file data.txt (compact mmCIF, C-alpha atoms and all ligand atoms)
# COMPACT_ATOMS: atom_id res chain seq x y z
CA MET I 420 -8.37 -20.15 -21.14
CA ALA I 421 -9.44 -18.33 -17.95
CA ASP I 422 -12.85 -18.95 -19.48
CA SER I 423 -12.59 -22.71 -19.59
CA ARG I 424 -15.52 -24.58 -18.08
CA PHE I 425 -13.33 -26.17 -15.48
CA LEU I 426 -11.67 -22.96 -14.25
CA ARG I 427 -14.99 -21.10 -14.28
CA ALA I 428 -16.52 -23.82 -12.09
CA CYS I 429 -13.56 -23.61 -9.67
CA ARG I 430 -14.47 -19.90 -9.30
CA ARG I 431 -18.20 -20.74 -9.03
CA GLU I 432 -19.01 -18.96 -12.27
CA ARG I 433 -21.72 -20.16 -14.64
CA THR I 434 -20.83 -22.70 -17.31
CA ASP I 435 -22.49 -24.16 -20.43
CA THR I 436 -22.41 -27.63 -18.89
CA THR I 437 -20.92 -29.44 -15.92
CA PRO I 438 -17.14 -29.80 -16.28
CA VAL I 439 -15.75 -33.28 -15.71
CA TRP I 440 -12.32 -34.85 -15.25
CA LEU I 441 -11.35 -37.99 -13.36
CA MET I 442 -8.75 -38.63 -10.74
CA ARG I 443 -6.31 -41.24 -12.12
CA GLN I 444 -7.68 -40.61 -15.60
CA ALA I 445 -4.28 -41.71 -16.90
CA GLY I 446 -3.34 -45.22 -15.95
CA ARG I 447 -3.65 -48.93 -16.37
CA TYR I 448 -7.27 -49.04 -17.58
CA LEU I 449 -6.04 -47.38 -20.81
CA PRO I 450 -4.36 -49.70 -23.35
CA GLU I 451 -2.25 -46.78 -24.62
CA TYR I 452 -0.91 -46.27 -21.06
CA ARG I 453 -0.13 -49.98 -20.69
CA ALA I 454 1.78 -49.83 -23.98
CA ILE I 455 4.10 -47.17 -22.55
CA ARG I 456 4.36 -48.96 -19.18
CA ALA I 457 5.48 -52.11 -21.00
CA ARG I 458 8.79 -50.37 -21.73
CA ALA I 459 9.11 -47.84 -18.88
CA SER I 460 8.61 -48.05 -15.12
CA LEU I 461 6.34 -45.62 -13.28
CA LEU I 462 9.38 -43.68 -12.04
CA ASP I 463 10.91 -43.69 -15.56
CA ILE I 464 7.74 -42.04 -16.86
CA CYS I 465 7.86 -39.45 -14.06
CA ASN I 466 11.52 -38.73 -14.78
CA ARG I 467 11.14 -38.28 -18.53
CA ALA I 468 9.20 -35.19 -19.50
CA GLU I 469 8.15 -36.43 -22.97
CA LEU I 470 6.75 -39.67 -21.52
CA ALA I 471 4.98 -37.93 -18.64
CA ALA I 472 3.51 -35.41 -21.10
CA GLU I 473 2.35 -38.14 -23.48
CA VAL I 474 0.64 -40.11 -20.71
CA THR I 475 -1.00 -36.91 -19.43
CA LEU I 476 -2.49 -36.26 -22.87
CA GLN I 477 -3.80 -39.79 -23.50
CA PRO I 478 -7.03 -39.44 -21.50
CA VAL I 479 -7.64 -35.93 -22.85
CA ARG I 480 -7.62 -37.33 -26.40
CA ARG I 481 -9.67 -40.41 -25.65
CA LEU I 482 -12.20 -39.09 -23.15
CA GLY I 483 -12.70 -35.42 -23.95
CA VAL I 484 -12.33 -34.44 -20.29
CA ASP I 485 -12.28 -30.76 -19.29
CA ALA I 486 -8.84 -30.79 -17.66
CA ALA I 487 -5.50 -32.56 -17.97
CA ILE I 488 -3.90 -33.66 -14.69
CA ILE I 489 -0.15 -33.83 -15.03
CA PHE I 490 1.14 -37.37 -14.75
CA ALA I 491 3.30 -37.96 -11.66
CA ASP I 492 2.82 -39.61 -8.28
CA ILE I 493 2.23 -38.06 -4.87
CA LEU I 494 5.35 -39.83 -3.58
CA LEU I 495 7.72 -38.56 -6.28
CA PRO I 496 9.01 -35.57 -4.23
CA VAL I 497 10.18 -37.79 -1.35
CA VAL I 498 13.00 -39.09 -3.57
CA SER I 499 14.52 -35.59 -3.52
CA MET I 500 14.17 -35.64 0.29
CA GLY I 501 16.62 -38.55 0.47
CA ILE I 502 14.08 -41.39 0.62
CA ARG I 503 14.52 -44.58 -1.41
CA LEU I 504 11.19 -45.13 -3.17
CA GLU I 505 10.20 -48.18 -5.20
CA PHE I 506 6.98 -49.25 -6.83
CA ALA I 507 6.73 -53.01 -6.40
CA ALA I 508 4.46 -54.88 -8.81
CA GLY I 509 1.09 -55.52 -7.17
CA GLU I 510 2.26 -53.93 -3.92
CA GLY I 511 2.22 -50.22 -4.65
CA PRO I 512 4.77 -47.83 -3.18
CA VAL I 513 7.49 -49.28 -0.94
CA ILE I 514 9.85 -47.33 1.31
CA ARG I 515 12.38 -49.70 2.84
CA ASP I 516 13.76 -47.27 5.42
CA PRO I 517 10.57 -45.79 6.96
CA VAL I 518 10.71 -42.54 8.95
CA ARG I 519 9.86 -43.50 12.55
CA THR I 520 12.11 -41.42 14.80
CA SER I 521 12.80 -37.74 15.36
CA GLU I 522 16.35 -38.40 14.05
CA ALA I 523 14.94 -39.78 10.80
CA VAL I 524 12.74 -36.68 10.48
CA ALA I 525 15.75 -34.43 11.07
CA ARG I 526 17.70 -36.29 8.36
CA LEU I 527 15.09 -35.52 5.68
CA ARG I 528 16.45 -33.13 3.06
CA ARG I 529 14.63 -29.94 2.15
CA PRO I 530 15.34 -29.93 -1.58
CA GLU I 531 15.55 -26.79 -3.65
CA THR I 532 12.66 -26.32 -6.07
CA GLU I 533 14.69 -27.43 -9.09
CA GLU I 534 15.70 -30.70 -7.38
CA ILE I 535 12.18 -31.84 -6.49
CA ALA I 536 10.90 -33.11 -9.86
CA PRO I 537 12.45 -31.15 -12.75
CA ALA I 538 11.02 -33.50 -15.41
CA ILE I 539 7.50 -32.75 -14.15
CA TYR I 540 7.99 -29.01 -14.62
CA ASN I 541 9.15 -29.68 -18.18
CA ALA I 542 6.24 -32.06 -18.75
CA ILE I 543 3.83 -29.29 -17.73
CA ARG I 544 5.44 -26.94 -20.27
CA LEU I 545 5.17 -29.59 -22.98
CA VAL I 546 1.54 -30.37 -22.13
CA ARG I 547 0.59 -26.67 -22.15
CA ARG I 548 2.19 -26.26 -25.57
CA GLU I 549 0.59 -29.43 -26.94
CA LEU I 550 -2.89 -28.56 -25.63
CA GLY I 551 -2.75 -25.08 -27.14
CA GLY I 552 -5.34 -23.81 -24.70
CA LYS I 553 -7.84 -26.61 -25.32
CA VAL I 554 -8.19 -27.51 -21.63
CA PRO I 555 -6.36 -26.33 -18.49
CA VAL I 556 -3.61 -28.28 -16.74
CA ILE I 557 -3.95 -29.41 -13.12
CA GLY I 558 -0.77 -29.68 -11.05
CA PHE I 559 -0.83 -31.75 -7.89
CA ALA I 560 0.94 -32.94 -4.78
CA GLY I 561 0.22 -35.21 -1.85
CA ALA I 562 -0.91 -33.40 1.30
CA PRO I 563 1.42 -33.70 4.34
CA PHE I 564 -0.63 -36.26 6.28
CA THR I 565 -1.08 -38.67 3.37
CA VAL I 566 2.58 -38.45 2.31
CA ALA I 567 3.67 -38.84 5.96
CA SER I 568 1.57 -41.99 6.24
CA TYR I 569 3.63 -43.62 3.43
CA LEU I 570 6.93 -42.37 4.90
CA ILE I 571 6.08 -43.78 8.32
CA GLU I 572 4.31 -47.01 7.36
CA GLY I 573 6.76 -47.75 4.54
CA GLY I 574 3.88 -48.33 2.13
CA SER I 575 0.11 -48.60 1.97
CA SER I 576 -1.66 -49.28 5.25
CA ARG I 577 -4.93 -50.45 6.69
CA HIS I 578 -4.99 -48.97 10.18
CA TYR I 579 -2.26 -46.28 9.97
CA LEU I 580 -1.12 -47.55 13.32
CA GLU I 581 2.56 -46.53 13.05
CA THR I 582 1.53 -43.13 11.71
CA LYS I 583 -0.89 -42.52 14.57
CA ARG I 584 1.49 -43.91 17.17
CA PHE I 585 4.12 -41.43 15.93
CA MET I 586 1.63 -38.56 15.79
CA PHE I 587 0.36 -39.20 19.33
CA SER I 588 3.63 -40.03 21.04
CA GLU I 589 6.14 -37.74 19.27
CA PRO I 590 4.22 -34.50 18.80
CA ARG I 591 7.33 -32.37 18.24
CA ALA I 592 8.81 -34.73 15.68
CA TRP I 593 5.37 -34.94 14.04
CA ASP I 594 5.24 -31.16 13.74
CA ALA I 595 8.76 -31.12 12.33
CA LEU I 596 7.74 -33.72 9.73
CA MET I 597 4.58 -31.78 8.81
CA ASP I 598 6.63 -28.57 8.63
CA THR I 599 9.16 -30.14 6.25
CA LEU I 600 6.49 -31.71 4.05
CA ALA I 601 4.43 -28.50 3.95
CA ASP I 602 7.47 -26.49 2.83
CA VAL I 603 8.59 -28.96 0.17
CA THR I 604 5.00 -29.28 -1.09
CA THR I 605 4.61 -25.50 -1.32
CA ARG I 606 7.84 -25.21 -3.32
CA TYR I 607 6.82 -28.05 -5.59
CA LEU I 608 3.36 -26.64 -6.30
CA ARG I 609 4.67 -23.10 -6.85
CA ALA I 610 7.08 -24.47 -9.44
CA GLN I 611 4.27 -26.39 -11.15
CA VAL I 612 2.26 -23.18 -11.40
CA ALA I 613 5.31 -21.29 -12.67
CA ALA I 614 5.67 -23.98 -15.35
CA GLY I 615 2.05 -23.48 -16.42
CA ALA I 616 -0.32 -25.43 -14.15
CA GLN I 617 -3.59 -23.48 -13.95
CA THR I 618 -4.98 -25.20 -10.82
CA VAL I 619 -3.45 -27.43 -8.19
CA GLN I 620 -4.97 -30.31 -6.29
CA LEU I 621 -3.75 -31.47 -2.90
CA PHE I 622 -4.38 -35.20 -2.41
CA ASP I 623 -5.09 -35.95 1.24
CA SER I 624 -6.41 -39.37 0.24
CA TRP I 625 -6.25 -40.92 3.69
CA ALA I 626 -7.47 -37.92 5.73
CA GLY I 627 -10.54 -39.93 6.71
CA ALA I 628 -8.38 -42.24 8.81
CA LEU I 629 -8.25 -39.47 11.42
CA SER I 630 -10.86 -38.18 13.83
CA PRO I 631 -12.15 -34.66 13.08
CA LEU I 632 -10.29 -33.27 16.10
CA ASP I 633 -6.98 -34.94 15.24
CA TYR I 634 -7.24 -33.71 11.67
CA GLN I 635 -8.07 -30.21 12.87
CA GLU I 636 -5.29 -30.01 15.43
CA ARG I 637 -2.46 -31.98 13.87
CA VAL I 638 -2.96 -31.72 10.10
CA LEU I 639 -5.15 -28.77 9.13
CA PRO I 640 -2.62 -26.06 10.14
CA TRP I 641 -0.15 -27.42 7.59
CA VAL I 642 -2.70 -27.71 4.79
CA LYS I 643 -3.79 -24.18 5.59
CA ARG I 644 -0.19 -22.99 5.40
CA ILE I 645 0.20 -24.48 1.92
CA VAL I 646 -3.08 -22.98 0.71
CA THR I 647 -2.22 -19.57 2.17
CA ARG I 648 1.20 -19.55 0.53
CA LEU I 649 -0.27 -20.48 -2.85
CA ARG I 650 -2.96 -17.80 -2.61
CA PRO I 651 -0.84 -15.00 -4.16
CA LEU I 652 -0.39 -17.11 -7.32
CA GLY I 653 -4.08 -16.66 -8.07
CA VAL I 654 -4.78 -20.27 -9.10
CA PRO I 655 -7.65 -22.25 -7.57
CA VAL I 656 -6.68 -24.88 -5.01
CA ILE I 657 -8.61 -28.16 -4.78
CA LEU I 658 -8.41 -30.21 -1.58
CA PHE I 659 -9.28 -33.90 -1.92
CA GLY I 660 -9.81 -36.51 0.75
CA THR I 661 -11.81 -39.70 1.25
CA GLY I 662 -13.85 -40.68 4.29
CA THR I 663 -14.14 -37.01 5.24
CA ALA I 664 -17.94 -36.75 5.50
CA GLY I 665 -17.68 -36.18 9.24
CA PHE I 666 -15.38 -33.16 8.99
CA LEU I 667 -16.00 -31.34 5.75
CA GLN I 668 -16.21 -28.01 7.60
CA VAL I 669 -12.69 -28.63 8.84
CA LEU I 670 -11.46 -29.20 5.28
CA ALA I 671 -13.27 -26.04 4.16
CA ALA I 672 -11.44 -24.11 6.89
CA SER I 673 -8.21 -24.83 4.97
CA GLY I 674 -9.21 -21.99 2.65
CA ALA I 675 -9.14 -24.25 -0.44
CA ASP I 676 -11.42 -23.04 -3.26
CA VAL I 677 -12.77 -26.47 -4.13
CA ILE I 678 -13.42 -29.40 -1.79
CA SER I 679 -13.43 -32.85 -3.41
CA VAL I 680 -15.65 -35.43 -1.72
CA ASP I 681 -16.08 -39.18 -2.01
CA TRP I 682 -19.32 -41.14 -2.50
CA ARG I 683 -19.90 -41.88 1.18
CA VAL I 684 -21.77 -38.58 1.51
CA ARG I 685 -24.66 -37.10 -0.51
CA LEU I 686 -23.24 -34.31 -2.67
CA ALA I 687 -26.00 -31.96 -1.49
CA ASP I 688 -25.17 -32.61 2.16
CA ALA I 689 -21.48 -32.17 1.48
CA TRP I 690 -22.10 -28.81 -0.23
CA ALA I 691 -24.24 -27.66 2.68
CA ALA I 692 -21.40 -28.62 5.05
CA ILE I 693 -18.65 -26.79 3.15
CA GLY I 694 -20.90 -23.80 2.49
CA PRO I 695 -21.88 -21.84 -0.64
CA GLU I 696 -18.57 -19.98 -0.76
CA ARG I 697 -16.72 -23.09 -1.95
CA ALA I 698 -16.96 -25.11 -5.13
CA ILE I 699 -17.40 -28.86 -4.84
CA GLN I 700 -15.91 -31.77 -6.78
CA GLY I 701 -17.21 -35.30 -6.94
CA ASN I 702 -18.55 -37.77 -6.22
CA LEU I 703 -19.38 -40.94 -8.18
CA ASP I 704 -18.27 -44.26 -6.68
CA PRO I 705 -15.52 -45.51 -9.07
CA ALA I 706 -17.03 -49.01 -8.86
CA VAL I 707 -20.16 -47.72 -10.65
CA LEU I 708 -18.06 -47.68 -13.84
CA PHE I 709 -18.25 -51.48 -13.75
CA ALA I 710 -22.09 -51.35 -13.81
CA PRO I 711 -24.46 -51.50 -16.80
CA ARG I 712 -24.95 -48.15 -18.54
CA ARG I 713 -28.46 -47.58 -17.24
CA GLU I 714 -27.09 -47.78 -13.69
CA ILE I 715 -24.22 -45.41 -14.51
CA ALA I 716 -26.80 -43.00 -15.96
CA ARG I 717 -29.04 -43.29 -12.90
CA GLN I 718 -26.18 -42.47 -10.54
CA VAL I 719 -24.92 -39.56 -12.68
CA ARG I 720 -28.44 -38.08 -12.71
CA THR I 721 -28.65 -38.34 -8.92
CA ILE I 722 -25.40 -36.44 -8.47
CA LEU I 723 -26.36 -33.73 -10.99
CA GLU I 724 -29.75 -33.34 -9.30
CA GLN I 725 -28.05 -32.82 -5.97
CA ALA I 726 -25.75 -30.20 -7.48
CA GLY I 727 -28.95 -28.57 -8.74
CA GLY I 728 -27.19 -26.84 -11.63
CA ARG I 729 -25.61 -24.39 -9.20
CA PRO I 730 -22.35 -22.88 -10.46
CA GLY I 731 -19.36 -24.52 -8.79
CA HIS I 732 -19.84 -28.24 -9.32
CA ILE I 733 -17.02 -30.16 -11.00
CA PHE I 734 -18.02 -33.73 -11.76
CA ASN I 735 -15.45 -36.33 -10.75
CA LEU I 736 -15.24 -39.72 -9.11
CA GLY I 737 -15.06 -39.91 -5.34
CA HIS I 738 -11.61 -41.52 -5.72
CA GLY I 739 -9.43 -42.60 -8.64
CA VAL I 740 -10.39 -44.69 -11.68
CA LEU I 741 -9.78 -48.35 -10.78
CA PRO I 742 -7.24 -50.29 -12.88
CA GLU I 743 -9.70 -52.80 -14.39
CA THR I 744 -12.34 -50.21 -15.38
CA PRO I 745 -13.73 -50.69 -18.91
CA ALA I 746 -12.39 -47.70 -20.88
CA GLU I 747 -15.61 -47.46 -22.94
CA ASN I 748 -17.62 -46.85 -19.77
CA VAL I 749 -15.31 -44.00 -18.84
CA CYS I 750 -15.92 -42.42 -22.27
CA TYR I 751 -19.64 -42.95 -21.79
CA LEU I 752 -19.52 -41.23 -18.39
CA VAL I 753 -17.77 -38.11 -19.70
CA ASP I 754 -20.20 -37.72 -22.62
CA LEU I 755 -23.17 -38.30 -20.33
CA VAL I 756 -22.08 -35.66 -17.81
CA HIS I 757 -21.67 -33.13 -20.63
CA GLU I 758 -25.06 -34.00 -22.08
CA LEU I 759 -27.10 -34.11 -18.86
CA GLY I 760 -25.10 -31.30 -17.27
CA ALA I 761 -26.09 -28.88 -20.05
CA ALA I 762 -29.78 -29.05 -19.12
CA SER I 763 -29.10 -28.94 -15.44
CA THR I 764 -26.71 -25.96 -15.55
CA ALA I 765 -29.12 -24.08 -17.85
CA ALA I 766 -31.85 -24.45 -15.22
CA GLY I 767 -29.42 -23.52 -12.46
CA ASN I 768 -28.22 -20.47 -14.38
CA GLU I 769 -31.80 -19.24 -14.84
CA GLU I 770 -32.48 -19.64 -11.16
CA GLN I 771 -29.27 -17.81 -10.32
CA ALA I 772 -30.18 -15.00 -12.75
CA ALA I 773 -33.55 -14.63 -11.01
CA VAL I 774 -31.87 -14.44 -7.61
CA ASP I 775 -29.32 -11.90 -8.91
CA GLY I 776 -32.24 -9.89 -10.41
CA ILE I 777 -33.96 -9.72 -7.05
CA THR I 778 -30.85 -8.93 -5.02
CA GLY I 779 -29.51 -6.58 -7.71
CA GLU I 780 -26.16 -8.34 -7.90
CA ARG I 781 -23.91 -8.63 -11.01
O1 LIG P 801 -4.57 -38.89 -12.01
C1 LIG P 801 -3.73 -39.07 -12.91
O2 LIG P 801 -4.03 -39.48 -14.03
C2 LIG P 801 -2.29 -38.67 -12.62
C3 LIG P 801 -1.44 -39.71 -12.10
C4 LIG P 801 -1.41 -40.11 -10.64
C5 LIG P 801 -0.70 -41.27 -10.21
N1 LIG P 801 -0.73 -41.32 -8.86
C6 LIG P 801 0.00 -42.24 -11.10
C7 LIG P 801 0.11 -43.62 -10.63
C8 LIG P 801 -1.92 -39.50 -9.50
C9 LIG P 801 -2.78 -38.25 -9.37
C10 LIG P 801 -1.48 -40.27 -8.38
C11 LIG P 801 -1.78 -39.91 -7.00
C12 LIG P 801 -1.54 -40.89 -5.93
N2 LIG P 801 -0.53 -41.80 -5.81
C13 LIG P 801 -2.33 -40.97 -4.77
C14 LIG P 801 -3.50 -40.06 -4.46
C15 LIG P 801 -4.72 -40.48 -5.18
C16 LIG P 801 -5.36 -41.72 -4.61
O3 LIG P 801 -5.55 -42.64 -5.39
O4 LIG P 801 -5.66 -41.71 -3.40
C17 LIG P 801 -1.80 -41.99 -3.96
C18 LIG P 801 -2.34 -42.44 -2.63
C19 LIG P 801 -0.65 -42.50 -4.62
C20 LIG P 801 0.28 -43.56 -4.15
C21 LIG P 801 0.28 -44.71 -5.07
N3 LIG P 801 0.86 -44.72 -6.32
C22 LIG P 801 -0.25 -45.98 -4.83
C23 LIG P 801 -0.98 -46.41 -3.58
C24 LIG P 801 0.01 -46.76 -5.97
C25 LIG P 801 -0.27 -48.22 -6.14
C26 LIG P 801 -1.70 -48.49 -6.30
C27 LIG P 801 -2.11 -48.31 -7.72
O5 LIG P 801 -3.04 -47.53 -7.97
O6 LIG P 801 -1.48 -48.96 -8.55
C28 LIG P 801 0.66 -45.93 -6.91
C29 LIG P 801 1.10 -46.30 -8.27
C30 LIG P 801 0.59 -45.44 -9.40
N4 LIG P 801 0.61 -44.08 -9.43
C31 LIG P 801 0.06 -45.90 -10.64
C32 LIG P 801 -0.24 -44.77 -11.42
C33 LIG P 801 -0.79 -44.75 -12.82
C34 LIG P 801 -0.11 -47.36 -11.06
C35 LIG P 801 1.20 -48.00 -11.17
C36 LIG P 801 1.65 -48.43 -12.52
O7 LIG P 801 1.37 -47.88 -13.60
O8 LIG P 801 2.40 -49.41 -12.45

call {"tool": "encode", "arguments": {"input": "data.txt", "output": "structure tokens"}}
result
Amino acid sequence: MADSRFLRACRRERTDTTPVWLMRQAGRYLPEYRAIRARASLLDICNRAELAAEVTLQPVRRLGVDAAIIFADILLPVVSMGIRLEFAAGEGPVIRDPVRTSEAVARLRRPETEEIAPAIYNAIRLVRRELGGKVPVIGFAGAPFTVASYLIEGGSSRHYLETKRFMFSEPRAWDALMDTLADVTTRYLRAQVAAGAQTVQLFDSWAGALSPLDYQERVLPWVKRIVTRLRPLGVPVILFGTGTAGFLQVLAASGADVISVDWRVRLADAWAAIGPERAIQGNLDPAVLFAPRREIARQVRTILEQAGGRPGHIFNLGHGVLPETPAENVCYLVDLVHELGAASTAAGNEEQAAVDGITGER
């Protein structure tokens, strides 16, 4: 299992082809997911280990992806912090009592590990057993800034105005909120690893709403703390954000092993920015999955060319699979990456072997 394509790529080791999985690979674009959702709410699925496990496995069966991401939601842990969370149809997450004062921050509970999302830990155990080593399991959590943005705004947002107002005008309360979220997130991810997750991804989806300096000063220290505390577990950490092209070095300074980038930056430029010591994940525009196959193929080739077959590229979208995506195009994408990636990694491996020969490494 330590030898899986996906885990090898996280460690920047050579692989037989480019590993691929997709953010939001489970979800509404799959008829088998919709069938389960017809009789269970999103939170029901997250609270019932067998359902969460089943939904996690659906895309692995259908798509042949190289990793299974456990099914949950980045906002699930806030329920154990005393927040009332709902998912309203067509609206996304809704928090009716948003956290906008230092008192509200102080009232947040710091749940014990077992209280955070016990069904998810059990779902990870079930998925590991069911997969029998076929592909590794990715655990995940929301990063403190992105989770804070939902807590403060009360839902999705366009300008993150309340979040930024709070961050700029209540710096001590902001730090207290980040501190709480970083601690709960660390506990949650440690427990996922203890249950069997072989990598973890931190979703800082809305990081790109901030300026590089604000991210560096007011968010990065907390991400760094999480990464540092996970380090002893020995599992790779992936840090994902969108709109981060202007501060990829800052994300790399978190210490995460893999940086996941969106499509607003050339993969080659992004890799140069994060440096050769990190693996990279990305970065197809999810909307390309609505295009004709020749266009999907053209865009996949471009990304693989930019990766140049170098060890350490994990193919993914630049953000999650969109709900209306044709499932057959997603299957096509996964097969295509495996097919084209084989030639490209073979060339990259040869080049690497030549370099190692010259420098006498390995
Ligand atoms: O990737 C996977 O297959 C695992 C499942 C997963 C979900 N949410 C299930 C879900 C993951 C990794 C997430 C992460 C998540 N949740 C993020 C970070 C990734 C990103 O897209 O930026 C964010 C920002 C959220 C918060 C969230 N949850 C929103 C904004 C919404 C509504 C918008 C939408 O996509 O529907 C959700 C709901 C949600 N979470 C759904 C799923 C499958 C769809 C709701 C449903 O089935 O009714």

call {"tool": "axis_aligned_box", "arguments": {"input": "data.txt", "around": "ligand LIG 801 (chain P)", "padding_each_side": "6 Å", "output": "JSON"}}
result
{"center_x": -1.6, "center_y": -43.8, "center_z": -8.3, "size_x": 20.1, "size_y": 23.2, "size_z": 23.4}

call {"tool": "residues_near_ligand", "arguments": {"input": "data.txt", "ligand": "ligand LIG 801 (chain P)", "cutoff": "8 Å", "atoms": "only C-alpha atoms and all ligand atoms", "output": "ChimeraX atom specification"}}
result
/I:441-447,452-453,456,460-461,475,488-494,506,508-512,559-561,565,574-575,622-625,660-661,738-739,741-742

call {"tool": "closest_residue", "arguments": {"input": "data.txt", "among": "I:Arg685, I:Lys583, I:His757, I:Arg515", "to": "Glu724 in chain I", "atoms": "only C-alpha atoms"}}
result
I:Arg685

call {"tool": "residues_around", "arguments": {"input": "data.txt", "residues": "range 522-537 of chain I", "least_positions_apart": "6", "cutoff": "7 Å", "atoms": "only C-alpha atoms", "output": "list in words"}}
result
Pro496, Ser499, Met500, Gly501, Ala592, Leu596, Thr599, Val603, Arg606, Tyr607 and Ala610 of chain I

call {"tool": "residues_around", "arguments": {"input": "data.txt", "residues": "Arg584 in chain I", "least_positions_apart": "6", "cutoff": "10 Å", "atoms": "all atoms listed in the file", "output": "PyMOL selection string"}}
result
chain I and resi 519+571+590

call {"tool": "atom_distance", "arguments": {"input": "data.txt", "atom1": "CA of Ala706 in chain I", "atom2": "CA of Arg480 in chain I"}}
result
23.1 Å

call {"tool": "atom_distance", "arguments": {"input": "data.txt", "atom1": "CA of Arg431 in chain I", "atom2": "CA of Pro730 in chain I"}}
result
4.9 Å

call {"tool": "residues_around", "arguments": {"input": "data.txt", "residues": "Cys750 in chain I", "least_positions_apart": "3", "cutoff": "6 Å", "atoms": "only C-alpha atoms", "output": "mmCIF file with C-alpha atoms, in the coordinates of the input"}}
result
data_model
loop_
_atom_site.group_PDB
_atom_site.id
_atom_site.type_symbol
_atom_site.label_atom_id
_atom_site.label_comp_id
_atom_site.auth_asym_id
_atom_site.auth_seq_id
_atom_site.Cartn_x
_atom_site.Cartn_y
_atom_site.Cartn_z
ATOM 1 C CA LEU I 482 -12.200 -39.090 -23.150
ATOM 2 C CA GLU I 747 -15.610 -47.460 -22.940
ATOM 3 C CA VAL I 753 -17.770 -38.110 -19.700
#

call {"tool": "residues_around", "arguments": {"input": "data.txt", "residues": "Arg424 in chain I", "least_positions_apart": "4", "cutoff": "7 Å", "atoms": "only C-alpha atoms", "output": "PyMOL selection string"}}
result
chain I and resi 428+434+438

call {"tool": "residues_around", "arguments": {"input": "data.txt", "residues": "range 766-775 of chain I", "least_positions_apart": "4", "cutoff": "12 Å", "atoms": "only C-alpha atoms", "output": "PyMOL selection string"}}
result
chain I and resi 431-437+723-732+759-762+779-781

call {"tool": "closest_residue", "arguments": {"input": "data.txt", "among": "I:Thr604, I:Ser576, I:Ser568, I:Gln611", "to": "Arg544 in chain I", "atoms": "all atoms listed in the file"}}
result
I:Gln611

call {"tool": "atom_distance", "arguments": {"input": "data.txt", "atom1": "CA of Gln620 in chain I", "atom2": "CA of Glu743 in chain I"}}
result
24.4 Å

call {"tool": "closest_residue", "arguments": {"input": "data.txt", "among": "I:Ala468, I:Leu667, I:Ile777, I:Ile657", "to": "Leu686 in chain I", "atoms": "only C-alpha atoms"}}
result
I:Leu667

call {"tool": "closest_residue", "arguments": {"input": "data.txt", "among": "I:Ile502, I:Ala454, I:Val619, I:Leu639", "to": "Val654 in chain I", "atoms": "only C-alpha atoms"}}
result
I:Val619

call {"tool": "closest_residue", "arguments": {"input": "data.txt", "among": "I:Leu755, I:Leu670, I:Ala691, I:Val566", "to": "Arg712 in chain I", "atoms": "only C-alpha atoms"}}
result
I:Leu755

call {"tool": "closest_residue", "arguments": {"input": "data.txt", "among": "I:Trp440, I:Val612, I:Asp676, I:Ala692", "to": "Val740 in chain I", "atoms": "all atoms listed in the file"}}
result
I:Trp440
